[in-house]
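Content type compact mmCIF, C-alpha atoms and all ligand atoms, from the file run10.txt:
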```txt
# COMPACT_ATOMS: atom_id res chain seq x y z
CA MET A 19 -14.04 -28.74 35.38
CA LYS A 20 -15.30 -25.89 33.19
CA ILE A 21 -13.25 -25.39 30.00
CA PRO A 22 -14.01 -22.38 27.78
CA PHE A 23 -13.12 -22.55 24.08
CA SER A 24 -10.63 -19.72 23.72
CA PRO A 25 -10.36 -17.12 26.50
CA PRO A 26 -7.94 -14.22 25.94
CA TYR A 27 -4.52 -14.31 27.60
CA ILE A 28 -4.68 -11.56 30.24
CA ASP A 29 -1.81 -11.38 32.72
CA ASP A 30 -0.26 -8.62 34.87
CA ASP A 31 1.78 -7.31 31.93
CA VAL A 32 -1.39 -6.90 29.84
CA LEU A 33 -3.13 -5.13 32.73
CA LYS A 34 -0.09 -2.88 33.21
CA GLU A 35 0.02 -1.85 29.54
CA VAL A 36 -3.73 -1.18 29.44
CA LYS A 37 -3.61 0.80 32.67
CA ASP A 38 -0.69 2.79 31.32
CA SER A 39 -2.74 3.66 28.24
CA LEU A 40 -5.84 4.53 30.25
CA LEU A 41 -3.94 6.82 32.59
CA SER A 42 -1.77 8.41 29.90
CA GLY A 43 -4.41 10.90 28.84
CA TRP A 44 -4.48 9.39 25.33
CA ILE A 45 -6.50 6.25 24.51
CA THR A 46 -7.01 6.22 20.74
CA THR A 47 -4.38 5.77 17.99
CA GLY A 48 -1.00 7.02 19.22
CA PRO A 49 2.17 5.75 20.91
CA LYS A 50 0.91 2.23 21.79
CA VAL A 51 -0.13 1.60 18.19
CA ASN A 52 3.26 2.82 16.96
CA ALA A 53 5.00 0.51 19.44
CA LEU A 54 2.82 -2.45 18.39
CA GLU A 55 3.55 -1.83 14.70
CA LYS A 56 7.28 -1.82 15.49
CA GLU A 57 7.11 -5.05 17.52
CA VAL A 58 5.07 -6.93 14.89
CA LYS A 59 7.31 -5.69 12.06
CA GLN A 60 10.30 -7.07 13.91
CA TYR A 61 8.56 -10.34 14.78
CA VAL A 62 7.28 -11.20 11.31
CA ASP A 63 10.27 -9.57 9.58
CA CYS A 64 8.33 -7.62 6.96
CA LYS A 65 9.08 -4.18 5.50
CA ALA A 66 6.36 -2.12 7.24
CA CYS A 67 3.27 -2.64 9.41
CA ASN A 68 -0.04 -0.80 9.70
CA ALA A 69 -2.37 -1.50 12.62
CA VAL A 70 -6.11 -1.47 11.84
CA ASN A 71 -9.29 -2.33 13.74
CA SER A 72 -9.79 -5.83 12.22
CA TRP A 73 -8.46 -8.32 9.69
CA THR A 74 -11.52 -7.56 7.59
CA SER A 75 -10.83 -3.83 7.36
CA GLY A 76 -7.13 -4.48 6.66
CA ALA A 77 -8.00 -6.79 3.77
CA ILE A 78 -10.55 -4.33 2.35
CA LEU A 79 -8.04 -1.47 2.43
CA SER A 80 -5.34 -3.64 0.81
CA LEU A 81 -7.69 -4.69 -2.00
CA LYS A 82 -8.87 -1.11 -2.50
CA TRP A 83 -5.24 -0.03 -2.85
CA LEU A 84 -4.77 -2.81 -5.41
CA GLY A 85 -7.62 -1.14 -7.28
CA VAL A 86 -10.05 -4.04 -7.67
CA LYS A 87 -13.44 -3.27 -9.17
CA LYS A 88 -16.62 -4.93 -10.44
CA ASP A 89 -15.96 -8.14 -12.43
CA ASP A 90 -12.41 -8.43 -11.07
CA GLU A 91 -11.80 -11.80 -9.41
CA VAL A 92 -9.99 -12.71 -6.22
CA ILE A 93 -9.33 -16.40 -5.51
CA VAL A 94 -10.17 -17.62 -1.99
CA PRO A 95 -10.59 -21.08 -0.42
CA ALA A 96 -14.18 -22.28 0.13
CA TYR A 97 -13.19 -23.46 3.60
CA THR A 98 -12.65 -20.38 5.76
CA TYR A 99 -14.46 -17.82 7.86
CA CYS A 100 -16.87 -15.74 5.75
CA ALA A 101 -14.77 -12.57 6.27
CA THR A 102 -12.25 -13.80 3.68
CA ALA A 103 -14.83 -13.60 0.88
CA MET A 104 -16.75 -10.70 2.41
CA ALA A 105 -13.65 -8.46 2.30
CA VAL A 106 -13.35 -9.16 -1.43
CA MET A 107 -16.99 -8.23 -1.96
CA ASP A 108 -16.74 -5.10 0.21
CA ALA A 109 -13.74 -3.99 -1.86
CA GLY A 110 -15.98 -4.29 -4.95
CA ALA A 111 -14.71 -7.53 -6.54
CA LYS A 112 -15.91 -11.11 -6.90
CA PRO A 113 -14.63 -13.98 -4.72
CA VAL A 114 -13.79 -17.10 -6.72
CA MET A 115 -13.85 -20.07 -4.37
CA VAL A 116 -11.64 -23.13 -4.77
CA ASP A 117 -11.41 -26.35 -2.76
CA ILE A 118 -8.85 -27.20 -0.08
CA ASN A 119 -6.29 -29.97 0.43
CA ASN A 120 -6.46 -32.61 3.08
CA ASP A 121 -4.24 -30.44 5.34
CA LEU A 122 -6.96 -27.72 5.22
CA THR A 123 -4.94 -25.23 3.13
CA ILE A 124 -5.98 -24.05 -0.33
CA ASP A 125 -5.44 -26.52 -3.21
CA VAL A 126 -2.75 -24.87 -5.33
CA GLU A 127 -3.59 -26.79 -8.51
CA LYS A 128 -7.19 -25.60 -8.17
CA ILE A 129 -5.85 -22.02 -7.94
CA ARG A 130 -4.03 -22.48 -11.23
CA LYS A 131 -7.20 -23.73 -12.92
CA ALA A 132 -9.31 -20.87 -11.50
CA ILE A 133 -7.10 -18.06 -12.84
CA THR A 134 -8.63 -15.97 -15.64
CA PRO A 135 -7.70 -12.59 -17.20
CA HIS A 136 -9.97 -11.05 -14.50
CA THR A 137 -7.92 -12.46 -11.59
CA LYS A 138 -6.28 -9.62 -9.64
CA ALA A 139 -5.34 -11.32 -6.36
CA ILE A 140 -5.15 -14.62 -4.48
CA LEU A 141 -6.14 -14.67 -0.82
CA PRO A 142 -4.87 -17.98 0.66
CA VAL A 143 -5.87 -18.74 4.26
CA ASP A 144 -3.39 -20.20 6.78
CA LEU A 145 -6.14 -22.23 8.43
CA GLY A 146 -5.51 -23.14 12.05
CA GLY A 147 -2.05 -21.58 11.72
CA ILE A 148 -0.81 -23.90 8.93
CA PRO A 149 0.98 -21.84 6.26
CA CYS A 150 -0.20 -22.38 2.68
CA ASP A 151 2.22 -23.52 0.00
CA TYR A 152 3.43 -20.01 -0.81
CA LYS A 153 6.44 -21.26 -2.79
CA LYS A 154 4.11 -22.89 -5.32
CA ILE A 155 1.64 -20.00 -5.27
CA ARG A 156 4.51 -17.60 -6.05
CA GLU A 157 5.70 -19.87 -8.86
CA ILE A 158 2.23 -19.71 -10.39
CA VAL A 159 1.81 -15.92 -10.26
CA GLU A 160 5.35 -15.37 -11.53
CA SER A 161 5.13 -17.90 -14.38
CA LYS A 162 5.25 -16.44 -17.89
CA GLU A 163 1.98 -18.05 -18.91
CA ILE A 164 0.04 -16.53 -15.97
CA LYS A 165 1.78 -13.14 -16.23
CA ASP A 166 0.91 -12.98 -19.92
CA MET A 167 -2.73 -13.51 -19.01
CA PHE A 168 -2.66 -10.76 -16.34
CA SER A 169 -4.49 -7.63 -17.36
CA ALA A 170 -3.25 -4.65 -15.29
CA GLU A 171 -5.66 -1.75 -14.98
CA SER A 172 -4.87 0.30 -11.85
CA GLU A 173 -1.48 1.95 -11.19
CA THR A 174 -0.74 -0.60 -8.45
CA GLN A 175 -1.52 -3.50 -10.78
CA LYS A 176 0.67 -2.00 -13.52
CA THR A 177 3.60 -1.57 -11.12
CA LEU A 178 3.28 -5.13 -9.81
CA GLY A 179 2.72 -6.66 -13.23
CA ARG A 180 1.22 -9.87 -11.88
CA ILE A 181 -1.48 -11.28 -9.59
CA MET A 182 -1.01 -10.05 -6.00
CA ILE A 183 -0.73 -12.51 -3.09
CA ILE A 184 -2.47 -11.25 0.05
CA SER A 185 -2.41 -13.86 2.81
CA ASP A 186 -5.28 -14.32 5.23
CA SER A 187 -2.97 -14.86 8.17
CA ALA A 188 -5.68 -14.30 10.77
CA HIS A 189 -4.49 -17.54 12.44
CA SER A 190 -0.83 -17.70 11.60
CA ILE A 191 1.40 -15.15 13.32
CA GLY A 192 4.64 -17.08 13.88
CA ALA A 193 4.06 -19.69 11.13
CA LYS A 194 7.11 -20.36 8.96
CA ILE A 195 8.25 -22.25 5.88
CA SER A 196 12.00 -22.96 5.62
CA ASN A 197 12.58 -20.43 8.40
CA GLU A 198 10.77 -17.66 6.54
CA ASN A 199 7.71 -16.03 8.08
CA VAL A 200 4.53 -15.99 6.00
CA ALA A 201 4.84 -12.18 5.80
CA GLN A 202 8.17 -12.59 3.97
CA MET A 203 6.69 -14.88 1.31
CA VAL A 204 3.69 -12.82 0.20
CA ASP A 205 3.06 -9.25 -0.97
CA ILE A 206 0.76 -8.32 1.89
CA CYS A 207 0.06 -10.45 4.96
CA VAL A 208 -2.97 -9.49 7.05
CA LEU A 209 -3.13 -10.62 10.69
CA SER A 210 -6.17 -10.64 12.98
CA PHE A 211 -6.08 -9.61 16.63
CA HIS A 212 -9.71 -10.63 17.22
CA ALA A 213 -10.53 -11.86 20.75
CA VAL A 214 -9.84 -15.57 20.06
CA LYS A 215 -6.64 -15.16 18.07
CA ASN A 216 -3.08 -16.07 19.18
CA ILE A 217 -2.48 -12.38 19.89
CA THR A 218 -5.46 -10.18 20.59
CA SER A 219 -6.39 -6.54 21.02
CA ALA A 220 -10.09 -7.53 21.56
CA GLU A 221 -10.70 -6.48 17.95
CA GLY A 222 -7.86 -5.52 15.65
CA GLY A 223 -5.59 -6.46 12.79
CA MET A 224 -2.24 -5.72 11.17
CA ILE A 225 -1.36 -5.13 7.53
CA CYS A 226 2.19 -6.41 7.02
CA LEU A 227 3.72 -4.98 3.86
CA ASN A 228 6.33 -6.82 1.82
CA LEU A 229 5.93 -5.36 -1.67
CA PRO A 230 8.76 -5.96 -4.16
CA LYS A 231 10.68 -3.13 -5.83
CA PRO A 232 9.89 -0.55 -7.20
CA PHE A 233 7.24 -0.19 -4.43
CA ASP A 234 8.40 1.91 -1.49
CA ASN A 235 6.98 0.10 1.56
CA GLU A 236 7.75 3.00 3.94
CA LYS A 237 5.88 5.44 1.71
CA LEU A 238 3.07 2.94 1.42
CA HIS A 239 2.98 2.65 5.21
CA SER A 240 2.37 6.43 5.44
CA TRP A 241 -0.36 6.18 2.78
CA PHE A 242 -2.09 3.27 4.58
CA LYS A 243 -1.97 5.31 7.82
CA ILE A 244 -3.74 8.20 6.13
CA MET A 245 -6.26 5.91 4.43
CA SER A 246 -7.14 4.16 7.68
CA LEU A 247 -8.06 7.55 9.17
CA ASN A 248 -10.58 8.94 6.70
CA GLY A 249 -7.84 10.04 4.30
CA GLN A 250 -6.73 12.64 6.80
CA THR A 251 -3.05 13.65 6.72
CA LYS A 252 -2.63 13.94 10.48
CA ASP A 253 -3.90 11.59 13.18
CA SER A 254 -5.60 13.13 16.20
CA PHE A 255 -2.57 12.41 18.41
CA SER A 256 -0.30 14.49 16.17
CA LYS A 257 -2.97 17.18 16.04
CA THR A 258 -2.90 17.48 19.83
CA GLN A 259 0.74 18.60 19.74
CA LEU A 260 0.97 22.37 20.26
CA SER A 261 0.21 24.41 17.12
CA SER A 262 -0.23 21.26 15.05
CA TRP A 263 -3.91 21.55 14.32
CA ARG A 264 -3.86 22.06 10.54
CA TYR A 265 -4.50 19.01 8.32
CA ASP A 266 -5.73 18.04 4.87
CA VAL A 267 -7.94 15.22 3.56
CA VAL A 268 -6.20 13.86 0.49
CA ASP A 269 -8.27 10.85 -0.54
CA ARG A 270 -11.43 8.93 0.25
CA GLY A 271 -10.24 6.78 3.15
CA LEU A 272 -11.86 4.45 5.66
CA LYS A 273 -12.19 4.91 9.43
CA ILE A 274 -10.44 1.75 10.57
CA ASN A 275 -7.69 2.89 12.95
CA LEU A 276 -6.81 0.80 16.02
CA PRO A 277 -7.16 2.59 19.39
CA ASP A 278 -4.14 2.68 21.73
CA VAL A 279 -6.07 1.11 24.59
CA ASN A 280 -6.67 -1.96 22.38
CA ALA A 281 -3.12 -2.01 21.06
CA ALA A 282 -1.88 -2.12 24.67
CA ILE A 283 -3.29 -5.66 25.14
CA ALA A 284 -1.55 -6.99 22.03
CA LEU A 285 1.66 -5.12 22.85
CA ALA A 286 2.09 -6.99 26.14
CA GLN A 287 1.33 -10.29 24.37
CA ILE A 288 3.68 -9.90 21.39
CA ARG A 289 6.55 -9.18 23.77
CA LYS A 290 6.15 -12.70 25.17
CA TYR A 291 4.87 -14.42 22.04
CA ASP A 292 7.69 -16.98 21.90
CA TYR A 293 6.57 -18.21 25.30
CA LEU A 294 2.86 -18.14 24.34
CA LEU A 295 3.52 -20.06 21.11
CA ASN A 296 5.51 -22.67 22.98
CA GLU A 297 2.66 -23.16 25.44
CA ARG A 298 0.26 -23.64 22.51
CA LYS A 299 2.67 -26.25 21.15
CA ARG A 300 2.66 -28.03 24.53
CA VAL A 301 -1.14 -28.37 24.42
CA PHE A 302 -1.15 -29.32 20.72
CA ASP A 303 1.49 -32.03 21.26
CA ARG A 304 -0.33 -33.46 24.27
CA TYR A 305 -3.51 -33.90 22.19
CA TYR A 306 -1.49 -35.29 19.31
CA ASN A 307 0.51 -37.81 21.34
CA CYS A 308 -2.59 -39.18 23.00
CA LEU A 309 -4.87 -39.33 19.94
CA GLU A 310 -2.24 -40.84 17.67
CA LYS A 311 -3.12 -44.31 18.94
CA TYR A 312 -6.79 -44.13 17.88
CA SER A 313 -7.47 -45.17 14.30
CA TRP A 314 -10.66 -43.03 14.29
CA ALA A 315 -8.74 -39.80 14.98
CA VAL A 316 -7.56 -37.98 11.86
CA LEU A 317 -4.95 -35.63 13.28
CA PRO A 318 -4.20 -32.10 12.06
CA PHE A 319 -0.93 -31.14 10.38
CA LYS A 320 1.95 -31.05 12.88
CA SER A 321 5.09 -28.93 12.41
CA ASN A 322 8.00 -30.63 10.65
CA GLN A 323 11.56 -29.59 9.76
CA GLU A 324 10.34 -27.37 6.93
CA ILE A 325 6.91 -26.11 7.94
CA GLN A 326 6.00 -24.63 11.32
CA THR A 327 2.40 -23.96 12.22
CA ALA A 328 1.28 -21.24 14.63
CA TYR A 329 -0.79 -23.77 16.65
CA HIS A 330 -3.91 -21.65 16.46
CA LEU A 331 -6.44 -24.52 16.33
CA PHE A 332 -6.59 -28.26 16.91
CA PRO A 333 -8.95 -29.22 14.07
CA LEU A 334 -9.56 -32.91 14.66
CA ARG A 335 -11.43 -35.01 12.13
CA LEU A 336 -13.19 -38.22 13.11
CA ASN A 337 -13.55 -41.29 10.96
CA PRO A 338 -16.00 -42.97 10.84
CA ILE A 339 -18.59 -40.44 11.98
CA THR A 340 -21.67 -38.79 10.50
CA GLU A 341 -22.41 -35.07 10.75
CA LYS A 342 -25.21 -35.88 13.24
CA GLN A 343 -22.88 -37.98 15.40
CA ARG A 344 -20.28 -35.17 15.37
CA ASP A 345 -22.96 -32.75 16.55
CA LEU A 346 -23.94 -35.21 19.32
CA LEU A 347 -20.29 -35.37 20.39
CA ILE A 348 -20.19 -31.58 20.71
CA GLU A 349 -23.32 -31.78 22.90
CA TYR A 350 -21.81 -34.63 24.95
CA LEU A 351 -18.70 -32.54 25.65
CA ALA A 352 -20.80 -29.45 26.42
CA LYS A 353 -22.55 -31.48 29.15
CA LYS A 354 -19.10 -32.12 30.62
CA GLU A 355 -18.57 -28.33 30.48
CA ILE A 356 -16.03 -28.57 27.65
CA ALA A 357 -16.55 -26.00 24.90
CA THR A 358 -15.60 -27.12 21.40
CA ASN A 359 -16.24 -25.63 17.95
CA VAL A 360 -16.34 -26.44 14.23
CA HIS A 361 -13.91 -24.74 11.82
CA TYR A 362 -15.67 -24.08 9.48
CA ILE A 363 -19.07 -24.34 7.86
CA PRO A 364 -17.81 -24.05 4.24
CA MET A 365 -18.88 -20.74 2.72
CA PRO A 366 -20.95 -22.37 -0.09
CA CYS A 367 -23.22 -23.83 2.66
CA LEU A 368 -24.11 -20.34 3.94
CA THR A 369 -27.25 -18.63 2.66
CA LEU A 370 -25.52 -15.50 1.38
CA PHE A 371 -23.16 -17.47 -0.83
CA LYS A 372 -25.80 -20.04 -1.88
CA ASN A 373 -27.91 -17.13 -3.09
CA MET A 374 -24.92 -15.93 -5.12
CA GLY A 375 -24.77 -19.29 -6.91
CA TYR A 376 -21.96 -21.12 -5.08
CA GLU A 377 -22.72 -24.84 -4.67
CA ILE A 378 -21.14 -27.11 -2.08
CA LYS A 379 -20.99 -30.01 -4.55
CA ASP A 380 -18.11 -28.14 -6.23
CA TYR A 381 -16.03 -28.32 -3.03
CA PRO A 382 -16.01 -31.99 -1.97
CA VAL A 383 -12.93 -31.84 0.30
CA ALA A 384 -14.29 -28.79 2.15
CA TYR A 385 -17.65 -30.49 2.73
CA ASP A 386 -16.15 -33.81 3.80
CA THR A 387 -13.85 -31.97 6.24
CA PHE A 388 -16.70 -29.94 7.73
CA LYS A 389 -18.90 -32.98 8.39
CA ARG A 390 -16.24 -34.77 10.42
CA GLU A 391 -14.51 -31.86 12.14
CA ILE A 392 -14.44 -30.86 15.80
CA THR A 393 -12.04 -28.21 17.11
CA LEU A 394 -10.64 -28.78 20.59
CA PRO A 395 -9.75 -25.92 22.95
CA LEU A 396 -6.16 -24.75 22.44
CA TYR A 397 -4.56 -21.89 24.38
CA PRO A 398 -1.55 -21.28 26.64
CA GLN A 399 -3.54 -21.19 29.88
CA LEU A 400 -4.76 -24.81 29.51
CA THR A 401 -3.09 -27.03 32.09
CA ASN A 402 -2.02 -30.60 31.30
CA GLU A 403 -4.70 -31.77 33.75
CA GLN A 404 -7.37 -29.92 31.75
CA VAL A 405 -6.05 -31.33 28.47
CA ASP A 406 -6.22 -34.84 29.91
CA TYR A 407 -9.80 -34.21 31.09
CA ILE A 408 -10.74 -33.09 27.55
CA LEU A 409 -9.05 -36.16 26.03
CA LYS A 410 -10.71 -38.59 28.45
CA ASN A 411 -14.17 -37.18 27.70
CA LEU A 412 -13.51 -37.00 23.97
CA VAL A 413 -12.60 -40.69 23.82
CA GLU A 414 -15.51 -41.72 26.06
CA GLY A 415 -17.90 -39.49 24.13
CA TYR A 416 -16.80 -40.84 20.76
CA ASN A 417 -17.14 -44.48 21.87
CA THR A 418 -20.56 -43.88 23.44
CA ILE A 419 -21.97 -42.02 20.45
CA ILE A 420 -20.64 -44.42 17.86
CA LYS A 421 -22.01 -47.42 19.80
CA GLU A 422 -25.42 -45.84 20.49
CA ASN A 423 -26.00 -44.50 16.99
CA ASN A 424 -24.89 -47.34 14.81
C1 LIG B 501 -9.61 -17.19 8.72
C2 LIG B 501 -10.16 -15.87 9.18
N1 LIG B 501 -10.11 -14.83 8.33
C3 LIG B 501 -10.57 -13.63 8.69
C4 LIG B 501 -11.11 -13.41 9.94
C5 LIG B 501 -11.66 -12.05 10.28
O1 LIG B 501 -10.91 -11.43 11.28
P1 LIG B 501 -11.45 -10.11 11.98
O2 LIG B 501 -12.53 -10.52 12.92
O3 LIG B 501 -10.24 -9.57 12.69
O4 LIG B 501 -11.93 -9.22 10.92
C6 LIG B 501 -11.18 -14.44 10.85
C7 LIG B 501 -11.77 -14.22 12.19
O5 LIG B 501 -12.36 -15.02 12.83
C8 LIG B 501 -10.70 -15.72 10.47
O6 LIG B 501 -10.77 -16.76 11.31
```
Would you kindly transcribe this structure into structure tokens?
Amino acid sequence: MKIPFSPPYIDDDVLKEVKDSLLSGWITTGPKVNALEKEVKQYVDCKACNAVNSWTSGAILSLKWLGVKKDDEVIVPAYTYCATAMAVMDAGAKPVMVDINNDLTIDVEKIRKAITPHTKAILPVDLGGIPCDYKKIREIVESKEIKDMFSAESETQKTLGRIMIISDSAHSIGAKISNENVAQMVDICVLSFHAVKNITSAEGGMICLNLPKPFDNEKLHSWFKIMSLNGQTKDSFSKTQLSSWRYDVVDRGLKINLPDVNAAIALAQIRKYDYLLNERKRVFDRYYNCLEKYSWAVLPFKSNQEIQTAYHLFPLRLNPITEKQRDLLIEYLAKKEIATNVHYIPMPCLTLFKNMGYEIKDYPVAYDTFKREITLPLYPQLTNEQVDYILKNLVEGYNTIIKENN
């Protein structure tokens, strides 16, 4: 039984939408992107949405709009995919890494301690779909003490008057706290539609705007549209309308627009996302209910009355196990044709960040998590029979490896 790690969800509705785009005579940014922006806005209940070609580009554009520059600091967790910190660097600022909690989300008390007069934004990561503690993060940025320390330089910073919260919600479309979507609890929420995400457009992302007054989110939406298309006032679709050729370039933008043919995939998926999310929950719960009985299985956070995850990953930790034994378990499962993964190698363990001076000893929870972590396949297409096959081999593999290597 061959089990891939995270294949995209492609059904007849996806094929129909893509075919429709391909045969429409228009395949880059146009009506499908507009429709996707509308659907996502409705789903996450934010004030405006801008589709872009990746999470990374969406985060860079958001930070550029915030006006970050050299020596400005943006707080990120050490335990995430490198894009979280890379976006900060590409926008011209410095990532300040802090450790995580046991539930894999950023440690809020560590955020408080890391804030300096240079801090311009916090970029919490909803790892595996688990929403961060945005209530507490908001309390911090809105507290008098932290606001007094805030030094606003750009127009955006002056209007906001505090540290901005931009969520890395690459994993968490559909995650909620007290019935509020993540996008409703932060200033800007950036989603990823990369190939392995809950909703995909092969590559892609969405900037979900939720700026407080006096910001005008609709106006901002128009500005983000222009800035994601080289600063050009008219997209090529509008320019194809009869006699509509004239345009201006008003600012130095990026070229990060999402093509319609890509948006078509995500459009078909978002329309049935409640179903897809429920199927993810089915798989997650089946793992959970089986593994609960093993004292060596440290289970990931499960939804409760207040907090709902988006079931993006099943990040299992094993105890006791060494890093070498964990790697052997991955190999054991690979021999059974089961693909697994590790989320994540903490950023301070990667050469780029080591060379910048980050040291893993400063992030003990991140390192301890990494050494013991194995991510199991989790997607709607997995049948119960496949899940049981994965579980059977996981348990056998763990017992064999622990016995043989002790
Ligand atoms: C937590 C996290 N942040 C950011 C990204 C980057 O997303 P994208 O590939 O859409 O730029 C990813 C993608 O894997 C991710 O997992």
Tell me, counting all atoms listed in the file, for each residue of chain A within 8 Å of ligand LIG 501 (chain B), which pair of atoms is nearest and how far apart they are in Å to one decimal, in rows ordered by chain and increasing number, as JSON lines.
```
{"residue": "A:Asn71", "atom": "CA", "partner": "B:LIG501", "partner_atom": "O3", "distance": 7.4}
{"residue": "A:Ser72", "atom": "CA", "partner": "B:LIG501", "partner_atom": "O3", "distance": 3.8}
{"residue": "A:Trp73", "atom": "CA", "partner": "B:LIG501", "partner_atom": "O3", "distance": 3.7}
{"residue": "A:Thr74", "atom": "CA", "partner": "B:LIG501", "partner_atom": "O4", "distance": 3.7}
{"residue": "A:Ser75", "atom": "CA", "partner": "B:LIG501", "partner_atom": "O4", "distance": 6.6}
{"residue": "A:Gly76", "atom": "CA", "partner": "B:LIG501", "partner_atom": "O4", "distance": 8.0}
{"residue": "A:Thr98", "atom": "CA", "partner": "B:LIG501", "partner_atom": "C1", "distance": 5.3}
{"residue": "A:Tyr99", "atom": "CA", "partner": "B:LIG501", "partner_atom": "C2", "distance": 4.9}
{"residue": "A:Cys100", "atom": "CA", "partner": "B:LIG501", "partner_atom": "C3", "distance": 7.3}
{"residue": "A:Ala101", "atom": "CA", "partner": "B:LIG501", "partner_atom": "C3", "distance": 5.0}
{"residue": "A:Thr102", "atom": "CA", "partner": "B:LIG501", "partner_atom": "N1", "distance": 5.2}
{"residue": "A:Val143", "atom": "CA", "partner": "B:LIG501", "partner_atom": "C1", "distance": 6.0}
{"residue": "A:Asp144", "atom": "CA", "partner": "B:LIG501", "partner_atom": "C1", "distance": 7.2}
{"residue": "A:Leu145", "atom": "CA", "partner": "B:LIG501", "partner_atom": "C1", "distance": 6.1}
{"residue": "A:Gly146", "atom": "CA", "partner": "B:LIG501", "partner_atom": "C1", "distance": 8.0}
{"residue": "A:Asp186", "atom": "CA", "partner": "B:LIG501", "partner_atom": "N1", "distance": 5.8}
{"residue": "A:Ser187", "atom": "CA", "partner": "B:LIG501", "partner_atom": "C1", "distance": 7.1}
{"residue": "A:Ala188", "atom": "CA", "partner": "B:LIG501", "partner_atom": "C2", "distance": 5.0}
{"residue": "A:His189", "atom": "CA", "partner": "B:LIG501", "partner_atom": "C1", "distance": 6.3}
{"residue": "A:Leu209", "atom": "CA", "partner": "B:LIG501", "partner_atom": "O3", "distance": 7.5}
{"residue": "A:Ser210", "atom": "CA", "partner": "B:LIG501", "partner_atom": "O3", "distance": 4.2}
{"residue": "A:Phe211", "atom": "CA", "partner": "B:LIG501", "partner_atom": "O3", "distance": 5.7}
{"residue": "A:His212", "atom": "CA", "partner": "B:LIG501", "partner_atom": "O3", "distance": 4.7}
{"residue": "A:Val214", "atom": "CA", "partner": "B:LIG501", "partner_atom": "O5", "distance": 7.7}
{"residue": "A:Lys215", "atom": "CA", "partner": "B:LIG501", "partner_atom": "O5", "distance": 7.8}
{"residue": "A:Glu221", "atom": "CA", "partner": "B:LIG501", "partner_atom": "O3", "distance": 6.1}
{"residue": "A:Gly222", "atom": "CA", "partner": "B:LIG501", "partner_atom": "O3", "distance": 5.6}
{"residue": "A:Gly223", "atom": "CA", "partner": "B:LIG501", "partner_atom": "O3", "distance": 5.6}
```
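Using all atoms listed in the file, the smallest distance between any of A:Arg130, A:Arg298, A:Lys290, A:Lys50 and Pro395 (chain A) comes from A:Arg298.
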Practice task
Rank A:Lys176, A:Lys320, A:Lys165, A:Lys87 by their smallest atom-to-atom distance to Phe233 (chain A), using all atoms listed in the file, and report the top residue only.
Solution key: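 Of A:Lys176, A:Lys320, A:Lys165, A:Lys87, the one nearest Phe233 (chain A) is A:Lys176, counting all atoms listed in the file.
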Box for region 362-380 of chain A: with edges along x, y and z, all listed atoms inside and 4 Å added on each side, what are the centre and edge lengths in Å to one decimal, as JSON?
```
{"center_x": -21.8, "center_y": -22.8, "center_z": 1.3, "size_x": 20.2, "size_y": 22.5, "size_z": 24.4}
```
Please build the interface table for region 98-200 of chain A against region 272-288 of chain A with a cut-off of 12 Å, listing for each qualifying residue the nearest atom pair and the distance in Å to one decimal; count all atoms listed in the file, order rows by chain and increasing number, and write it as a Markdown table.
```
| residue | atom | partner | partner_atom | distance |
| --- | --- | --- | --- | --- |
| A:Ala109 | CA | A:Leu272 | CA | 11.5 |
| A:Ile191 | CA | A:Ile288 | CA | 9.9 |
| A:Gly192 | CA | A:Ile288 | CA | 10.4 |
```
Handout entry: Distance in Å - CA of Thr218 (chain A) versus CA of Phe371 (chain A)
Key =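 Going from CA of Thr218 (chain A) over to CA of Phe371 (chain A) covers 28.7 Å.
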Arg264 (chain A): which residues within 10 Å, counting all atoms listed in the file, same-chain residues fewer than 6 positions away excluded, as a CSV table (one decimal) with C-alpha atoms, keeping the file's coordinate frame?
```
chain,number,residue,atom,x,y,z
A,251,THR,CA,-3.0,13.6,6.7
A,252,LYS,CA,-2.6,13.9,10.5
A,257,LYS,CA,-3.0,17.2,16.0
```
Exercise for the section: Using only C-alpha atoms, find the one residue out of A:Glu391, A:Glu349, A:Asp266, A:Glu324 that sits nearest to Leu336 (chain A). Expected result: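 The shortest atom-to-atom distance to Leu336 (chain A) comes from A:Glu391.
Proximity ranking of A:Lys88, A:Arg344, A:Lys162, A:Arg289 relative to Thr418 (chain A) places A:Arg344 first, based on all atoms listed in the file.
CA of Met182 (chain A) sits 17.3 Å away from CA of Asp125 (chain A).
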Exercise for the section: For CA of Pro26 (chain A) and CA of Ala213 (chain A), determine how far apart the two atoms are, in Å to one decimal place. Expected result: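 So the answer is 6.3 Å.
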Exercise for the section: Using only C-alpha atoms, pick whichever of A:Met19, A:Glu173, A:Leu33, A:Met115 has the shortest atom-to-atom distance to Asn411 (chain A). Expected result: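 Using only C-alpha atoms, the shortest distance to Asn411 (chain A) belongs to A:Met19.
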Exercise for the section: Find the residue from A:Ile93, A:Thr327, A:Glu160, A:Ile148 that sits nearest to Thr134 (chain A); use only C-alpha atoms when measuring. Expected result: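 The closest residue to Thr134 (chain A) is A:Ile93.
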Handout entry: Contacts of Ile129 (chain A) at 10 Å (all atoms listed in the file; same-chain gap of 6+ positions) as a VMD selection string
Key = chain A and resid 93 to 95 114 to 118 140 142 155 158
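Omitting Leu346 (chain A) and its sequence neighbours fewer than 4 positions away, and counting all atoms listed in the file, the residues within 12 Å are A:Ile339, A:Thr340, A:Glu341, A:Lys342, A:Tyr350, A:Leu351, A:Ala352, A:Lys353, A:Thr358, A:Arg390, A:Ile392, A:Leu412, A:Gly415, A:Tyr416, A:Asn417, A:Thr418, A:Ile419, A:Ile420, A:Glu422, A:Asn423.
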